[in-house]
Every structure is written in C-alpha cells, then in structure tokens.
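Undergrad: One structure follows; several queries about it will come next.
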Amino acid sequence: MKKIEAIIQPFKLDEVKEALAGIGVDGMTISEVRGHGRQKGHKEVYRGREYTVDLLPKLKIEVVVSDARCDELVKTLTAAARTGKIGDGKIFVYDVAEAIRIRNDDRGEAAL
Amino acid sequence: MEKPPCKDPIRALAERTALVDGLVERSAGDKLWPAFPAGLTLLAVGGYGRRHLFPYSDVDLLLLVESCRVAQDASGPISGFLQTLWDSGLRIGHSVRTPEECAEIHDQNIELNVSLLDQRYLAGDRALYARFAARLPRFLHAQRDPLMRNLTRLTRERHQKYQNTYYHLEPNIKDTPGGLRDYQLVRWLAHIRDVEAPPIEPAFLFLARLRCYLHARSGRDNNALTFDAQEQAAEYFAAPGAAQWMRDYFLHARDLYRAAVRELELSEAQNSSLFAQFKDWRTRLSNADFSVARERVHLRAPHALEADPELALRLFQFVARHGIRPSTEAEQRIAAAMPQLEEWFGAARPVWPAIKEILSLPYAAEAVRSMHDSGVLRAIFPEMAQIECLVIRDFYHRYTVDEHTLVTLQVLAGLRGSREPAVKRYTDLLSEMEDPALLLCALLFHDVGKGSANGAHAEASVRAAEPALERIGVPRPERDLVSFLIRRHLEMSAVMNSRDLQDPATARDMAGRVETVERLKALTLMTYADISAVNPSAMTPWRAEVLWQLYLATYNELTRELATDRIPSVASEAPEKRAFLAGLPMRYARTHTAEQIDAHLLLDGLFRQRGVAVALEKVEAAWRLTLVTGDRPFLFASVAGTLSSFGMNILKAEAFSNSQGTVLDTFTFADPTRTLELNPTEIDRLRVTVERVVLGRVDVRELLRNRPKSAPPSRNSQVPSTVSFNSEASDSATLIEIVAQDRPGLLYDLAAAISAEECNIEVVLIDTEAHKAIDVFYVTAGGGKLEDAQLETLGDALRRACGG
C-alpha cells in the first residue's frame, strides 16, 4: 500500500476531487495548511505598508491506495492540479506498513 | 411493524404509569406489607410521580420509613421487593428516607428534594404519608430560596455544557437547552414561587411524542436525536421532509429554552444579594421613557406602547446604546401590544433613521437579537418570517437561518475588541467603514431569500429586501448599496475557493464586480461575517488569510486602475453631456449616480458662463463641496487651503478632469466647530470665497496666514511620515502615496508642493484614520510620468511639507 500526500492550490480542490472520483477514489483526508516551497511567498503593498505573505494557504490531500493503483492516482492527481505555474504544489508517496479499520478490525487493503 | 404515532401522549404515558403502579403494588403486597404492615410508605417520585412515565425511563421510588431502625429491619424485604420489579423488566431507582431526611437541604440531596415536587402516594402506611404530606408545603416554603438556588445552578451548568444554545445538529431532546428538562424546570420554579407556569404545553406534547418514538425505536432510554433518527422521525410523523420537521423541533425547543431562561432570571433576581444591589448603579441611565433596574430596561409607562409604537424603537435604541436587555415585563408588554405594532409598522413609514441608529450603536447585535426575540423585528419586516427557524440540514450549517443571521451581527460586534493579528485586519476594515449600519442592514436580509428560493437565494433576498427598505424610507443610494451587498454576498467566497488568487485576472475580475473600494470593504466584511456564522469553527485562520489576500489583491487593483480607464465618448447622449463626460475616469461614472451627474452637468453650464461653479451641501454628518472650473496650476491646493482657513477638516477629496481640461473636484469635510450649521451665512461666505480664490481674486496664502496654528500632537501619538512613489502602478501617471500626521492645512501644503514642481494632480484619494492621513496622488508632468530627477526634488519637498 502507498500513501499519497499532495500539497495543492486551494482553488484546484474541486477539480482534483472530481478527477479522483472519476477513477474510483472517494476516500481522502483534506486539511488546510500553510507553507511555502520555491515560491517563497511574496510582498504586497497595502496603503504604503509592506505586507509579507510568507506562508501561502494550500490544501493537503492524503489518500492511501493499493500499490497497483498508485501510479494511476498520481498521474490523475498531477494532471488535475497542474496550472503550469509556480506554486502548483508537490506530491509525496510513502510506503504504508499496515491499515486497520477500527470498526471491524479489517486489515491491509481490505481496510482501505 | 411500527405503531402509528400516539395522538395523546399524555394519556399514553398515564396508561403506562398505571400499568407500572399495578406491578409495584402487587410486588409490595407480596414482599413488603406482610413484614411491615405499618411504618413504611411507597411513594412515586420524579417523572413516575407525575405520571409521565416514558417507555424506557427509570421508575423512581421513594420508600418513606418512620425511622432509621425500620429501614434497617426492612432491608431484607425491600431487596426482595425491588428484585421482583427488576425481574419484571423495570429499571428501578429507589431511595429509603425518613421524613426528616427528606427535608434536609444539601448538595447531595438536591435531586431528592426536587423529585419530591412530583411525589405521589402509591401504597403503605397512610398515617405516615399524611404526616409527611402535611410537612411538605411548610418545607417548600421555608426552603424555597436554597431550592431555587440549587435548581438554577444545576440548570445553568447543564446549559453551559451545551454552550447555552438549543442549536445542535444532533440534540439530546432531554438534556440540551430547550429539552424536556427545561420543561420540568419551568414547572418546578413556577411551583416553588407559587405562580402559574407559562404556556409551554405544545412544546411538551411535541417532545413527549418524540421521546416515546425514540425509546421505541432503539428499545432503550435513548434521547439522542441523531441525523438518522431525524430522517426516520420525519417519516414516522408524516412530515413533508426532515428539514421541515426539524424546523418544528427548533420552534418548540426555542419556546422551551426562552421560557426556561426567563424563569431562571426571575428566580435569580429573587435570590437577591448585596451584589445585586451593587449592579444597580446603572439606574443612572434611566430617562423619561425607561428606567434601569437589576440590569434590565423597564418601560416607565407600559400602556404608552399601544398609542406610541415608536416607543418600541426607542426601547431598542436604548438597548443598542447601553447593552442592557429589556425586562421580562417590557417583553410581555410588547407581546401584548403586538397587534398594534404590526398594524403600525405594516404601513409605509419613514422609520429608517431610527433603525439606522440602532444599527450604528455599539450594542446593535444585542438590540437586533432582542428585537427578533420579542417579535418586533418581524412586525417591522414581515419578510423575516420565512426564515424563522428555517433549517439547512447538513453537517456544516449549525444554526437555523434566522439564528445564523443574528450570529453574523455578533461576529461583527466581536471584531471590535479583537487584538489577534489575523482578526485585527478585519477590525481595522470595520473601523474604516463610512456607514457600518448599511452593512448590518445587508446582513439582516442576506439570507431572507432562503425561505422561498430554490437555488439562487441571493436574488430572492434582494427581491424581499427592496420593498421592505423602500417601505421604511431608506434613501435610494443607501438602498442601492444594501442591495448590491445582498446580491453579491456569495461571490467573494466563491472566488476564494475556485480561483487562483495570484493570477492578476482574478483581482481584475473581482475589482470589476465591486467597482469601488467602499463596496469592496463592505463585501469583505460581509463575507467574513457570513462564513464565521455558519458554525463556530468555520472561519479558520487559514480561510481568514485567503479572504484577506483576495481583499488585498482587489484593493490594489482598484486603486491602480483609477488613472487608466477613461470614459469613452457615447454618441447617444446629449452633446453637452457627451462633452462633459468624455475623458473623465471610469471611476467617476461608477461612483456617481445619474442624479449627481446631472447636477454636475448643471454646474458645468454655470462654469461656462461665470468661469467657476461651486456647490455646497450637507451630507450626513459631513459637508461636500463640488467645484467645476477650468484647470490651472495650484487649483486643488487653493481650494484645500481655503477650506482649512475656515477651520474645516478635509476627510476625502477627489479630482477628476475631462479631455477638455474641465476639472471637477469634490471635497468631503467635517466642520468640527459646527460653524456652518450655527451660522448659515458662513455657508455662502465659504462658497463665495472659494469662487474668488479660484478666479484669482483672493490669495489663499493670505487666508491661511490669519489662521491660528494648532498645538502640535504629543510625541507618542506622532505618526512617522512616509512618501513613496510608484511608477508601475499606473500606465499614464506616477502614484505618490503619503502617510503623515494629520493636521489642518496638510493637504494644501502637499498639493502646493506638487504644483510648485509643475506637476499636474490627476486624481487624489484622501483618507484619514484618526490622526493619520493617507493621501494618494496620481500625478503627471508634461502629460506623462515623472522623471527620476523630478521624483527626487518632489520627494524632498513633500517630506518637508509633511513636517509642517
């Protein structure tokens, strides 16, 4: 099993969710996060004062899938979240040792 | 197979009680009475005592014993007796007490004390019961204060546990505020105080039926109204849908909760203490209409309400000014006068100034809530009835639509005191609003359309608000702003969630929708309040940041755009109008109404005859001077200086010029010493002086020389001056932003410095935040942007001007 963690632009959420639903992935965890990568924030001027936006609002999506589905999911996610500009975000893939459904103790891929 | 809902829950509960009575008596006959023919009495207490025994509720018994010795001797037979009842499937709660023990008041005993209020003789020693029953009224009378104190304390704790609101997505129909416990509380407190309980039976019947259903549904004492249970209950009670059925639930819970809170307050007031007397200092706020006692507003002449319905508005103005709620008696008077109030407010009447005042005062949110609760808001705006207790049924919307509306106002009020950096920006925005009352008014109506609309409720809300606002006499321009805000109230949050905020096109688009900075500020605050009032955790710091970035990008776009877009010539207009409008910035058309443009056109005609035209009018609390003339150096500075020489404080000024070189300047200024208001001849003198200055017949420097210098501000309130240039922001002009300590004549000095460098002032935006002046000049030289060398000398000159 793999865990896919994607940091994306907030306005891309609906597109990403739709695209994932399109390949049969419905379950995911979404959190509101702030941070920066190479985009490093920027400066805004508001009424003569400089206002630094160093941590940009992003969304983090986490999905766990079977190894077999990982490539397809990453491909779909990348395509849906891409604008081609700086600040589109990143995707990280991790190995998952175990998954357990708390309700009935299902294990492994059955718990996904 | 489910049984149909019972028509008469009270009878069903009584029947079940009778059934259990039979079981208890039979078991006592077998196990108790053979051993104890005297000295022991069985009492039913609590819900069982009052014959409200729900299917799976506990059966509470009190075993009254003559003495402790009897209790010891009887322990064997008593356990046998209880065991039989357990075995027959009843959940028994029991206590064994002597009559003396029953009369002891302490914390551990409070439940027993309260349960005695509903005691009922079941079986056993009648003489013992008679002795106990004879003492009970005396006990209640002697102990009413501690009893009431304990009851109110326990109830407050229970309400606190549920955040003092009856709005819960999945309420517990017994314990949450507005649940069955509150029904009992109201009855008990009325009983202890020996007064009649308020009419709350319909709510009880609703909840009783529902509780029977919930018990039957889960086969245990389960009072949680979960989402699933809501769906099934709506179906079971044949309601048109779960949302509509939940609306009924909330209406009943609201009635019970309000009755409970009222009884709590009355009881707490009766439990008077020294502290309560200290709280009476507010009595000094009393006036001819109202008196203040015990933190409540009382009507001095309650009967006056029927003849003088405006008294109700004055009452809520008082509430909005001081944050003290109306007394229960005042609320009852209002309820009694409701037919007259409805009739009076039903006719078109210019009550807007009174309502606007309520909305402008510090405790506006409290006043509106109190107007809503007393029904006065609905009397003024019957449109509000459609959202009363209207449920939006999902896991996101915590409140009914009317409550959500009230919470938005509270959110804005809560902004006022905030110091948290992420929130403080919005606090600042609110303090910059010219007319916060209009924002509150828009919030009041923003979701009214949810009651009727399928889908797009914003338009439906506008349709409901327009005639309502016209009826109460809201002037056209204010109505337009309110309608605009209602119509667009969803757009910023939609853009926030679905558009790239770094893309300049997003800011351009948003700027095109709001058109002015004033509207942008109002809409931003409206969005902030609207999201925050969906549920207590909806406005995360993350969302607040995203909204702020959208505001920022749009604000910068709007102030950048000013100098570039010009009104093109429109063939369909009259030739004079066409000539006047041609070349004025687009912003001019957006910020002025058709009537104002026509008025400017008249001034333009006058200018052609006389070389200058000046109009002066009072606008709300400030004055506005409009000037039309031919452009010439030092023009803007001269007028600013003239106003300063009259002691006027300039709040805002804008300069527009068209392609023929005609200049239209507007100055909004305050008259701190009320010179113009108190001496109407000064109005003419000011107008004539401005004309003479413009025509070059009077030197503005002479005027200013005669003015006394004001004292410099103290060192620690001094605002450091900054002068910054921006040549990128506009296509055709250089933008100069100056932040400086405000003082009389500042604008004159700055404008004169710019004119002295032979620069042309195209657009000026002036804003004053307390002692800080923020002036933005769009300046050209020789028809284009300023050269670097010019920037340097001008920068020095402006910095000198800031210093005064």
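Residue numbering restarts at 1 in every chain; chains get A, B, ... in the order shown in the structure tokens, and ligands count up from 1 in that same order.
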Which residues of chain A come within 7 Å of chain B, and what is each one's closest atom pair and distance in Å (one decimal), counting only C-alpha atoms, sorted by chain and residue number, as a Markdown table?
TA:
```
| residue | atom | partner | partner_atom | distance |
| --- | --- | --- | --- | --- |
| A:Pro10 | CA | B:Asn497 | CA | 6.5 |
| A:Phe11 | CA | B:Ser498 | CA | 4.1 |
| A:Lys12 | CA | B:Ser498 | CA | 6.8 |
| A:Glu32 | CA | B:Trp542 | CA | 6.6 |
| A:Gly48 | CA | B:Glu737 | CA | 6.5 |
| A:Pro57 | CA | B:Trp542 | CA | 6.4 |
```
Undergrad: Give me the residues within 7 Å of Ile7 in chain A as a short mmCIF file (atom, residue, chain, number, x, y, z; two decimals) with N, CA and C atoms, in the first residue's frame, counting only C-alpha atoms and dropping any in the same chain fewer than 2 places off.
TA:
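Below you can see selection_33.cif, which holds the result:
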```cif
data_model
loop_
_atom_site.label_atom_id
_atom_site.label_comp_id
_atom_site.auth_asym_id
_atom_site.auth_seq_id
_atom_site.Cartn_x
_atom_site.Cartn_y
_atom_site.Cartn_z
N GLU A 5 0.53 11.91 -0.59
CA GLU A 5 0.27 13.16 0.10
C GLU A 5 0.51 14.27 -0.91
N LYS A 58 -2.48 26.61 1.39
CA LYS A 58 -2.55 25.47 0.48
C LYS A 58 -3.48 24.43 1.08
N LEU A 59 -3.79 23.42 0.29
CA LEU A 59 -4.56 22.30 0.83
C LEU A 59 -3.71 21.04 0.75
N LYS A 60 -3.83 20.20 1.77
CA LYS A 60 -3.11 18.92 1.75
C LYS A 60 -4.14 17.80 1.61
N ILE A 61 -3.89 16.95 0.62
CA ILE A 61 -4.78 15.81 0.41
C ILE A 61 -4.00 14.54 0.72
N GLY A 89 2.36 23.17 -6.30
CA GLY A 89 2.42 22.23 -5.18
C GLY A 89 3.28 21.02 -5.46
N LYS A 90 3.20 20.02 -4.57
CA LYS A 90 4.04 18.82 -4.68
C LYS A 90 3.26 17.59 -4.27
N ILE A 91 3.76 16.43 -4.73
CA ILE A 91 3.15 15.17 -4.33
C ILE A 91 4.24 14.29 -3.72
#
```
Undergrad: Using only C-alpha atoms, pick whichever of B:Gln244, B:Arg333, B:Ala301, B:Leu23 has the shortest atom-to-atom distance to Ile387 in chain B.
TA: B:Gln244
Undergrad: By how many Å are CA of Ile8 in chain A and CA of Asp88 in chain A apart?
TA: 6.0 Å
Undergrad: Out of range 206-297 of chain B, which residues get alpha helix (DSSP H) from DSSP, as a PyMOL selection string?
TA: chain B and resi 206-218+227-236+242-270+274-278
Undergrad: Between A:Val16, A:Leu56, A:Val33, A:Met1, single out the one closest to Ala97 in chain A, counting only C-alpha atoms.
TA: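 The answer is A:Met1, which sits nearest to Ala97 in chain A.
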Undergrad: Please provide as a list in words all residues within 10 Å of Trp344 in chain B, with the sequence filter that same-chain residues fewer than 6 positions apart are discarded (counting only C-alpha atoms).
TA: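 In the requested form, the answer reads Glu306, Ala307, Asp308, Pro309, Glu310, Met338, Ala379 and Ile380 of chain B.
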Undergrad: Using only C-alpha atoms, which residues sit within 9 Å of range 201-216 of chain B once same-chain residues fewer than 3 positions away are excluded, as a PyMOL selection string?
TA: chain B and resi 2+5-10+13+52+54-57+173-174+179-180+183+198+219-225+229+233+236-237+248-249+251-253+255-256
Undergrad: For Ser31 in chain A, which residue among A:Glu62, A:Glu98, A:Gly87, A:Ile4 is the nearest when counting only C-alpha atoms?
TA: A:Glu62
Undergrad: Output as a VMD selection string all residues of range 183-402 of chain B that backbone DSSP marks as strand (DSSP E).
TA: chain B and resid 290 to 293 296 to 299 325 to 326
Undergrad: Rounded to one decimal in Å, what is the spacing between CA of Ala740 in chain B and CA of Pro720 in chain B?
TA: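 Atom-to-atom, CA of Ala740 in chain B to CA of Pro720 in chain B, that is 6.2 Å.
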